[in-house]
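Novice: Contents of data.txt (compact mmCIF, C-alpha atoms) are given next:
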# COMPACT_ATOMS: atom_id res chain seq x y z
CA MET A 1 63.40 36.36 12.06
CA ILE A 2 64.66 39.30 10.00
CA LEU A 3 68.19 39.07 8.63
CA PHE A 4 70.38 41.81 7.22
CA ALA A 5 73.89 41.55 5.82
CA ILE A 6 76.33 43.48 8.01
CA GLN A 7 79.07 45.57 6.40
CA SER A 8 80.82 46.70 9.57
CA LEU A 9 81.76 44.80 12.68
CA ALA A 10 81.97 47.95 14.83
CA TRP A 11 78.73 48.18 16.78
CA GLU A 12 77.42 51.34 18.38
CA ARG A 13 75.06 51.05 21.33
CA VAL A 14 72.61 53.40 19.59
CA SER A 15 72.90 54.50 15.98
CA THR A 16 70.84 55.87 13.12
CA GLN A 17 70.82 55.77 9.35
CA LEU A 18 69.25 59.24 9.19
CA ASP A 19 71.18 62.31 8.00
CA LEU A 20 70.37 64.56 10.94
CA ALA A 21 73.22 67.02 10.47
CA ASN A 22 71.79 68.27 7.18
CA ASN A 23 68.10 67.93 7.98
CA ALA A 24 65.92 71.01 7.52
CA ASP A 25 64.09 70.16 10.75
CA PRO A 26 66.53 70.76 13.64
CA ASN A 27 64.14 69.14 16.12
CA LYS A 28 64.92 65.72 14.67
CA ALA A 29 68.51 65.91 15.92
CA VAL A 30 67.27 67.01 19.35
CA VAL A 31 64.80 64.11 19.47
CA TYR A 32 67.48 61.64 18.41
CA ASP A 33 69.87 62.85 21.12
CA LEU A 34 67.05 62.53 23.68
CA TRP A 35 66.31 58.97 22.62
CA LYS A 36 69.98 58.02 22.44
CA SER A 37 70.64 59.27 25.96
CA PHE A 38 67.58 57.39 27.26
CA VAL A 39 68.59 54.05 25.73
CA GLU A 40 72.22 54.41 26.82
CA ALA A 41 71.13 55.30 30.37
CA HIS A 42 69.88 51.73 30.78
CA ASN A 43 73.51 50.65 31.00
CA ASP A 44 73.84 52.25 34.45
CA SER A 45 71.77 52.19 37.64
CA THR A 46 69.56 55.14 36.69
CA THR A 47 65.96 54.57 37.69
CA ASP A 48 64.40 58.04 37.41
CA PHE A 49 65.07 58.73 33.74
CA PRO A 50 65.08 62.51 33.12
CA GLN A 51 64.29 61.90 29.43
CA TRP A 52 60.82 60.57 30.29
CA ASN A 53 57.83 62.82 30.97
CA ASP A 54 56.83 63.45 34.59
CA ALA A 55 53.14 62.56 34.20
CA ASP A 56 53.93 58.98 33.19
CA LYS A 57 56.45 58.65 36.00
CA ILE A 58 53.73 59.61 38.47
CA LYS A 59 51.11 57.34 36.90
CA TRP A 60 53.18 54.20 36.30
CA LYS A 61 55.71 52.30 38.38
CA TYR A 62 57.69 51.64 35.18
CA PRO A 63 56.63 54.34 32.72
CA ASP A 64 58.07 52.89 29.50
CA LEU A 65 55.18 50.51 28.80
CA VAL A 66 56.79 48.91 25.75
CA ASN A 67 59.64 47.60 27.87
CA CYS A 68 57.21 46.38 30.55
CA ASP A 69 55.13 44.39 28.12
CA GLY A 70 54.08 41.08 29.63
CA TYR A 71 54.68 39.27 26.36
CA LEU A 72 58.44 39.76 26.57
CA THR A 73 60.70 38.13 29.13
CA THR A 74 63.76 40.15 28.22
CA ASP A 75 64.90 43.76 28.56
CA LEU A 76 64.74 45.50 25.20
CA TYR A 77 67.50 47.88 26.21
CA SER A 78 70.01 45.10 26.67
CA TYR A 79 70.12 44.95 22.85
CA LEU A 80 71.56 47.26 20.23
CA ASN A 81 69.28 49.94 18.83
CA LYS A 82 69.10 51.65 15.46
CA VAL A 83 66.76 54.59 14.85
CA ILE A 84 65.23 54.14 11.41
CA GLU A 85 62.73 56.99 11.40
CA ILE A 86 61.94 60.24 13.20
CA ARG A 87 58.86 61.79 11.70
CA PRO A 88 56.72 64.77 12.71
CA GLU A 89 53.06 63.88 13.12
CA ASN A 90 50.51 66.37 14.42
CA ASP A 91 52.23 67.98 17.42
CA VAL A 92 54.60 65.08 18.19
CA TYR A 93 57.59 63.25 16.77
CA VAL A 94 57.40 59.50 16.25
CA ILE A 95 60.64 57.64 16.95
CA ARG A 96 60.73 54.32 15.11
CA SER A 97 63.66 52.13 16.04
CA MET A 98 64.90 48.58 15.81
CA PHE A 99 66.27 46.47 18.68
CA PHE A 100 68.60 43.74 17.46
CA THR A 101 71.60 41.60 18.24
CA PRO A 102 74.38 40.42 15.91
CA TYR A 103 75.02 36.73 15.44
CA ASN A 104 76.64 34.29 13.03
CA GLU A 105 80.07 35.87 13.60
CA ASN A 106 78.57 39.36 13.27
CA THR A 107 77.60 38.86 9.65
CA GLU A 108 73.85 38.91 10.29
CA ILE A 109 71.48 40.28 12.88
CA TYR A 110 68.49 38.93 14.77
CA VAL A 111 65.73 41.50 15.16
CA LEU A 112 63.89 41.34 18.46
CA ALA A 113 61.54 44.26 17.93
CA ILE A 114 60.73 47.37 15.94
CA THR A 115 59.07 49.92 18.21
CA ASN A 116 57.46 53.35 18.21
CA HIS A 117 57.87 55.96 20.91
CA ILE A 118 56.67 59.54 21.07
CA ALA A 119 58.70 62.70 21.70
CA LYS A 120 56.95 65.98 22.34
CA LYS A 121 57.48 69.15 24.31
CA ASP A 122 56.25 69.24 27.90
CA GLU A 123 54.82 72.23 29.75
CA ASN A 124 58.34 73.63 30.12
CA GLY A 125 58.97 73.50 26.38
CA GLU A 126 61.46 70.61 26.65
CA PHE A 127 61.25 67.47 24.55
CA LYS A 128 60.37 64.38 26.63
CA LEU A 129 59.54 60.78 25.79
CA TYR A 130 55.99 59.41 25.91
CA ASN A 131 54.31 56.05 25.33
CA TRP A 132 52.97 55.32 21.87
CA ILE A 133 49.85 53.66 23.29
CA ASP A 134 48.47 56.89 24.75
CA TYR A 135 48.94 58.66 21.44
CA ASN A 136 47.62 55.77 19.36
CA THR A 137 44.45 55.26 21.46
CA ARG A 138 43.75 58.95 22.12
CA ASN A 139 40.40 58.71 20.30
CA TRP A 140 39.33 55.34 21.72
CA PRO A 141 36.27 55.15 24.02
CA ARG A 142 36.90 54.70 27.73
CA LYS A 143 34.73 53.37 30.54
CA ALA A 144 35.35 52.71 34.24
CA VAL A 145 33.61 49.68 35.75
CA GLY A 146 34.60 48.68 39.28
CA VAL A 147 38.39 48.40 39.53
CA PHE A 148 38.83 48.37 35.74
CA ASP A 149 39.56 51.36 33.53
CA TYR A 150 38.63 50.05 30.08
CA CYS A 151 39.93 51.51 26.82
CA TYR A 152 38.56 49.78 23.72
CA TYR A 153 38.74 50.18 19.97
CA PRO A 154 35.98 52.14 18.20
CA GLY A 155 33.25 49.80 17.07
CA PHE A 156 33.62 47.37 19.97
CA ASP A 157 30.22 46.64 21.54
CA PHE A 158 31.10 47.13 25.20
CA ASN A 159 29.09 44.94 27.58
CA GLU A 160 28.93 46.35 31.09
CA ASP A 161 27.43 43.13 32.49
CA ILE A 162 30.51 41.18 31.40
CA ALA A 163 32.71 43.92 32.87
CA ARG A 164 30.95 43.40 36.20
CA GLU A 165 31.65 39.67 35.90
CA ALA A 166 35.35 40.56 35.53
CA ASN A 167 35.08 42.48 38.81
CA ASN A 168 33.50 39.43 40.44
CA THR A 169 36.54 37.41 39.35
CA VAL A 170 38.84 39.96 40.97
CA THR A 171 36.77 39.83 44.17
CA MET A 172 37.05 36.04 44.23
CA PHE A 173 40.83 36.22 43.82
CA ARG A 174 41.02 38.68 46.71
CA ASP A 175 38.58 37.05 49.12
CA LYS A 176 39.18 33.36 48.38
CA LEU A 177 42.82 33.21 47.28
CA GLY A 178 44.45 36.14 49.06
CA ALA A 179 45.35 38.20 45.99
CA ASN A 180 46.53 41.75 46.50
CA VAL A 181 44.12 43.64 44.28
CA PRO A 182 45.26 47.09 43.10
CA ASN A 183 42.96 50.09 43.32
CA ARG A 184 42.85 50.37 39.52
CA ILE A 185 43.56 47.97 36.65
CA THR A 186 43.91 49.43 33.16
CA TYR A 187 42.35 47.19 30.52
CA TYR A 188 42.87 47.64 26.75
CA ILE A 189 40.67 45.78 24.27
CA ALA A 190 42.06 45.58 20.72
CA GLN A 191 40.48 43.86 17.72
CA ASN A 192 43.02 41.02 17.73
CA GLU A 193 46.44 40.09 19.03
CA ASP A 194 48.36 41.81 16.23
CA GLU A 195 46.58 45.06 17.01
CA GLU A 196 47.45 44.63 20.69
CA PHE A 197 51.10 44.72 19.74
CA LYS A 198 50.60 47.69 17.44
CA ILE A 199 48.75 49.88 19.94
CA LYS A 200 51.53 49.24 22.45
CA GLY A 201 54.10 50.47 19.96
CA PHE A 202 55.36 47.33 18.25
CA ASP A 203 55.57 47.35 14.48
CA TYR A 204 57.18 43.97 14.99
CA VAL A 205 58.14 41.83 17.96
CA VAL A 206 59.57 38.33 17.85
CA GLY A 207 56.76 35.78 17.65
CA MET A 208 54.23 38.30 16.35
CA GLY A 209 51.67 36.73 14.03
CA ASP A 210 52.49 33.19 15.17
CA HIS A 211 49.39 32.53 17.27
CA VAL A 212 46.63 30.55 15.63
CA GLY A 213 43.49 32.63 15.19
CA ASN A 214 45.32 35.90 15.94
CA THR A 215 43.90 35.83 19.45
CA GLY A 216 45.47 36.18 22.87
CA GLY A 217 46.58 38.69 25.46
CA SER A 218 49.31 39.77 27.86
CA THR A 219 49.68 41.51 31.19
CA ASP A 220 52.00 44.16 32.56
CA THR A 221 52.15 43.00 36.19
CA ASN A 222 54.34 45.94 37.21
CA ASN A 223 51.80 48.54 36.16
CA PHE A 224 48.62 46.41 36.43
CA ILE A 225 47.67 46.64 32.76
CA VAL A 226 45.70 43.94 30.91
CA TYR A 227 45.87 43.72 27.11
CA GLY A 228 43.15 41.65 25.47
CA ASP A 229 41.29 41.15 22.22
CA SER A 230 37.69 41.21 21.03
CA VAL A 231 37.33 37.43 21.39
CA HIS A 232 37.92 37.57 25.16
CA GLY A 233 36.33 40.99 25.54
CA GLU A 234 35.78 42.65 28.91
CA SER A 235 36.63 39.59 31.02
CA PHE A 236 39.84 37.89 29.88
CA GLU A 237 40.13 35.77 33.03
CA PRO A 238 43.67 34.39 32.52
CA GLU A 239 45.12 37.88 32.06
CA ILE A 240 43.09 39.25 34.98
CA CYS A 241 44.55 36.36 36.97
CA ARG A 242 48.07 37.44 36.04
CA ALA A 243 47.40 41.04 37.02
CA THR A 244 46.23 40.06 40.48
CA LEU A 245 46.88 36.50 41.63
CA ASN A 246 50.17 35.88 39.80
CA ALA A 247 51.38 39.33 40.81
CA THR A 248 50.72 38.39 44.45
CA TYR A 249 52.50 35.02 44.15
CA PRO A 250 55.23 35.68 41.55
CA ASN A 251 57.43 32.72 42.53
CA VAL A 252 54.83 29.97 42.27
CA HIS A 253 55.69 26.77 40.35
CA PHE A 254 55.09 27.19 36.61
CA LEU A 255 52.31 24.57 36.45
CA LEU A 256 50.40 26.39 39.17
CA ASN A 257 51.10 29.78 37.63
CA GLN A 258 49.87 28.74 34.21
CA GLY A 259 47.27 26.31 35.48
CA ILE A 260 45.29 28.74 37.60
CA ALA A 261 45.07 31.10 34.62
CA GLY A 262 43.52 28.30 32.59
CA TYR A 263 41.34 27.08 35.46
CA VAL A 264 39.53 30.40 35.92
CA HIS A 265 38.80 30.81 32.21
CA GLN A 266 35.04 30.75 31.62
CA GLY A 267 35.18 29.95 27.90
CA ASN A 268 35.27 26.46 26.47
CA GLU A 269 37.70 27.00 23.63
CA GLU A 270 41.05 28.58 22.86
CA PHE A 271 42.87 29.17 19.58
CA GLY A 272 39.91 27.85 17.61
CA LEU A 273 39.63 24.51 19.41
CA THR A 274 37.55 23.29 22.34
CA TYR A 275 39.44 22.17 25.43
CA ARG A 276 38.45 18.58 24.69
CA GLN A 277 40.10 18.93 21.30
CA HIS A 278 43.24 20.37 22.90
CA TYR A 279 43.39 17.43 25.33
CA GLN A 280 42.90 15.04 22.41
CA ARG A 281 45.85 16.63 20.59
CA MET A 282 47.94 16.29 23.75
CA LYS A 283 46.86 12.64 24.15
CA ASP A 284 47.79 11.89 20.53
CA TRP A 285 51.19 13.54 20.95
CA LEU A 286 51.92 11.62 24.15
CA GLU A 287 50.94 8.31 22.57
CA ALA A 288 53.42 9.03 19.81
CA HIS A 289 56.09 9.80 22.45
CA PRO A 290 55.68 7.05 25.10
CA ASP A 291 59.07 7.80 26.69
CA ASP A 292 58.37 11.48 27.27
CA ASP A 293 58.08 12.47 30.95
CA ILE A 294 55.47 15.13 31.73
CA ALA A 295 57.06 15.67 35.14
CA ASN A 296 60.10 17.12 33.40
CA TYR A 297 59.74 20.86 32.77
CA TYR A 298 62.15 20.59 29.82
CA SER A 299 60.04 17.95 28.10
CA SER A 300 59.42 18.68 24.43
CA PHE A 301 55.76 17.97 25.21
CA TYR A 302 55.38 21.45 26.66
CA ILE A 303 56.34 23.03 23.33
CA MET A 304 54.53 20.54 21.09
CA ASP A 305 53.25 23.27 18.73
CA ASN A 306 51.86 26.82 18.57
CA GLN A 307 48.15 25.95 18.90
CA THR A 308 47.94 23.85 22.05
CA ALA A 309 49.57 25.06 25.29
CA PRO A 310 50.18 22.02 27.53
CA THR A 311 51.47 24.06 30.50
CA TYR A 312 48.06 25.68 30.91
CA LEU A 313 46.11 22.47 30.42
CA VAL A 314 48.28 20.22 32.60
CA GLY A 315 48.38 22.95 35.23
CA LYS A 316 44.61 23.31 35.01
CA ILE A 317 44.23 19.65 35.94
CA VAL A 318 46.61 20.07 38.88
CA CYS A 319 44.71 23.11 40.17
CA TYR A 320 41.37 21.35 39.77
CA GLU A 321 42.57 18.29 41.69
CA LEU A 322 43.88 20.49 44.50
CA TYR A 323 40.58 22.35 44.65
CA LYS A 324 38.59 19.09 44.73
CA LYS A 325 40.65 17.86 47.69
CA GLY A 326 41.01 21.02 49.73
CA GLY A 327 39.07 23.89 48.20
CA TYR A 328 40.43 27.40 48.04
CA ASP A 329 42.66 26.78 51.06
CA ALA A 330 44.57 24.06 49.19
CA LEU A 331 45.14 26.41 46.25
CA LYS A 332 46.37 29.16 48.59
CA ARG A 333 48.80 26.72 50.20
CA ALA A 334 49.97 25.69 46.74
CA PHE A 335 50.73 29.27 45.72
CA LYS A 336 52.85 29.73 48.84
CA THR A 337 55.07 26.69 48.21
CA LYS A 338 58.59 27.16 46.93
CA PRO A 339 58.87 26.82 43.14
CA THR A 340 61.50 24.07 43.25
CA VAL A 341 60.69 20.70 41.70
CA GLU A 342 61.26 18.94 45.02
CA ASP A 343 58.93 21.24 46.98
CA PHE A 344 56.25 21.17 44.29
CA PHE A 345 56.04 17.37 44.16
CA ALA A 346 56.31 17.05 47.94
CA PHE A 347 53.27 19.32 48.14
CA LEU A 348 51.34 17.26 45.58
CA LYS A 349 52.20 14.08 47.47
CA LYS A 350 50.86 15.57 50.70
CA GLU A 351 47.73 17.14 49.21
CA ILE A 352 46.54 14.70 46.51
CA GLY A 353 48.78 11.66 46.99
CA ILE A 354 50.73 11.96 43.71
CA ASP A 355 54.53 11.96 43.87
CA GLN A 356 57.03 12.74 41.14
CA LYS A 357 57.66 9.17 39.98
CA ASP A 358 53.93 8.58 39.44
CA PHE A 359 53.06 12.00 38.00
CA ASN A 360 53.75 11.16 34.34
CA GLN A 361 51.44 8.14 34.12
CA TRP A 362 48.80 9.73 36.34
CA MET A 363 48.71 12.88 34.21
CA ARG A 364 48.52 10.87 30.97
CA LYS A 365 45.36 9.21 32.32
CA GLN A 366 43.94 12.57 33.36
CA ILE A 367 44.58 14.04 29.91
CA ALA A 368 42.82 11.07 28.30
CA LYS A 369 39.82 11.58 30.62
CA TYR A 370 39.38 15.20 29.60
CA THR A 371 39.13 14.35 25.93
CA THR A 372 35.51 13.39 26.65
CA GLN A 373 34.52 15.61 29.59
CA ASP A 374 35.10 19.17 30.74
CA ILE A 375 36.79 20.57 33.83
CA PRO A 376 34.36 22.96 35.55
CA PRO A 377 35.77 26.48 35.92
CA LEU A 378 36.82 27.80 39.32
CA ARG A 379 34.08 29.83 41.00
Using structure tokens, write down the structure from this file.
Specialist:
Amino acid sequence: MILFAIQSLAWERVSTQLDLANNADPNKAVVYDLWKSFVEAHNDSTTDFPQWNDADKIKWKYPDLVNCDGYLTTDLYSYLNKVIEIRPENDVYVIRSMFFTPYNENTEIYVLAITNHIAKKDENGEFKLYNWIDYNTRNWPRKAVGVFDYCYYPGFDFNEDIAREANNTVTMFRDKLGANVPNRITYYIAQNEDEEFKIKGFDYVVGMGDHVGNTGGSTDTNNFIVYGDSVHGESFEPEICRATLNATYPNVHFLLNQGIAGYVHQGNEEFGLTYRQHYQRMKDWLEAHPDDDIANYYSSFYIMDNQTAPTYLVGKIVCYELYKKGGYDALKRAFKTKPTVEDFFAFLKKEIGIDQKDFNQWMRKQIAKYTTQDIPPLR
């Protein structure tokens, strides 16, 4: 959290601390007006933003990739914005701005993100907005393998065999689980999670730097973009799952949504720990909280800390049990159930004989079991 003392209680939707009226570069005022009109346009029903360049609008369903980032669950443009820098760089202008909201009786602010966007002249000589990621990765190597268009940081040792394995995963999702696979999936590989944020345009976003090991990824399901790191490389199965399977079944129950992403993961560790170690940490936590109910989505168990992610690991067990009982068909039926608690547990009762009142104790025993053995990955 970044806090600033607030001198005025009058908030403008978009503002700047720059002196544009007296700036020797008149383009800065033009760029600011372009950005201001774009941000303010999000208050109405405009969908085809004239401020954005045409090429991106043809290429992407939602061309502003920063606001489509899979890491965020909120609309950046629902917050106040302050432009803190407009700087010329090569043949473009970089717009650096802060999205924030006032709180504590308007005396402080909570900063959600500090972002970078690009403004440059199009073929008609008019300034338009562009994504930072295209500018920032303009010199990165690129390679197409199957359905994936990879873009990876210089120095990354690209392995085409692993990229083909990623395509095999996509084929399995399509053929076995009914996923709607897009013609192309864009796949960025950064050195670590912090760099993922930075190439997308985030100088800062809430939660940045909080993941143990600086590893992880995200997915833009609207535009079919996977963002991964060097640890997971060319085949980050959970994010590939989100770009295909979760995009096909967006309303699935959260344990199935998260669980299938964990179930398809080929690796045996996450955030610096093996899965057995994660299950041991979950077991220890649950023994210290005997009254906690795992069947309750709002249980504090699911947010026990920032290293172990119980939703993935509990969901992984659920998906594995469904697969053991009914194979791929059982998983497909699960993804098509309604996401309500009642429908989810009615489905589990029918498929594997576990109802809601027994789920907590049953799952505690399952977690204890997987402290000493591994769940085989889905294949």
Novice: What lies within 12 Å of A:Pro141 using all atoms listed in the file, ignoring chain neighbours under 5 positions off, as a list in words?
Specialist: Asp149, Tyr150, Cys151, Tyr152, Tyr153, Pro154, Gly155, Phe156, Asp157, Phe158, Tyr187, Tyr188, Ile189 and Ala190 of chain A
Novice: Since we have the selection now, will you write its residues out, keeping C-alpha atoms, as a short mmCIF file (atom, residue, chain, number, x, y, z; two decimals), keeping the file's coordinate frame?
Specialist:
data_model
loop_
_atom_site.label_atom_id
_atom_site.label_comp_id
_atom_site.auth_asym_id
_atom_site.auth_seq_id
_atom_site.Cartn_x
_atom_site.Cartn_y
_atom_site.Cartn_z
CA ASP A 149 39.56 51.36 33.53
CA TYR A 150 38.63 50.05 30.08
CA CYS A 151 39.93 51.51 26.82
CA TYR A 152 38.56 49.78 23.72
CA TYR A 153 38.74 50.18 19.97
CA PRO A 154 35.98 52.14 18.20
CA GLY A 155 33.25 49.80 17.07
CA PHE A 156 33.62 47.37 19.97
CA ASP A 157 30.22 46.64 21.54
CA PHE A 158 31.10 47.13 25.20
CA TYR A 187 42.35 47.19 30.52
CA TYR A 188 42.87 47.64 26.75
CA ILE A 189 40.67 45.78 24.27
CA ALA A 190 42.06 45.58 20.72
#
Novice: I want to know what sits within 10 Å of A:Pro88, based on all atoms listed in the file, with residues of the same chain fewer than 2 positions away left out; could you give that as a list of chain:residue names?
Specialist: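 Close residues of A:Pro88: A:Asp25, A:Asn27, A:Lys28, A:Glu85, A:Ile86, A:Asn90, A:Asp91, A:Val92, A:Tyr93, A:Val94, A:Ile95, A:Ile118, A:Ala119, A:Lys120.
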Novice: Stretch 231-258 of chain A near stretch 371-378 of chain A within 12 Å: what's each residue's closest atom pair and its distance in Å to one decimal, counting all atoms listed in the file, ordered by chain then ascending residue number, as JSON lines?
Specialist:
{"residue": "A:Glu237", "atom": "CA", "partner": "A:Pro377", "partner_atom": "CA", "distance": 10.7}
{"residue": "A:Pro238", "atom": "CA", "partner": "A:Pro377", "partner_atom": "CA", "distance": 11.7}
{"residue": "A:Cys241", "atom": "CA", "partner": "A:Leu378", "partner_atom": "CA", "distance": 11.8}
Novice: Closest to A:Phe345 among A:Lys357, A:Arg333, A:Lys121, A:Lys283, using all atoms listed in the file?
Specialist: A:Lys357
Novice: What separation in Å, quoted to one decimal, exists between atom CA of A:Glu12 and atom CA of A:Tyr77?
Specialist: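 Answer for the atom CA of A:Glu12 to atom CA of A:Tyr77 separation: 13.1 Å.
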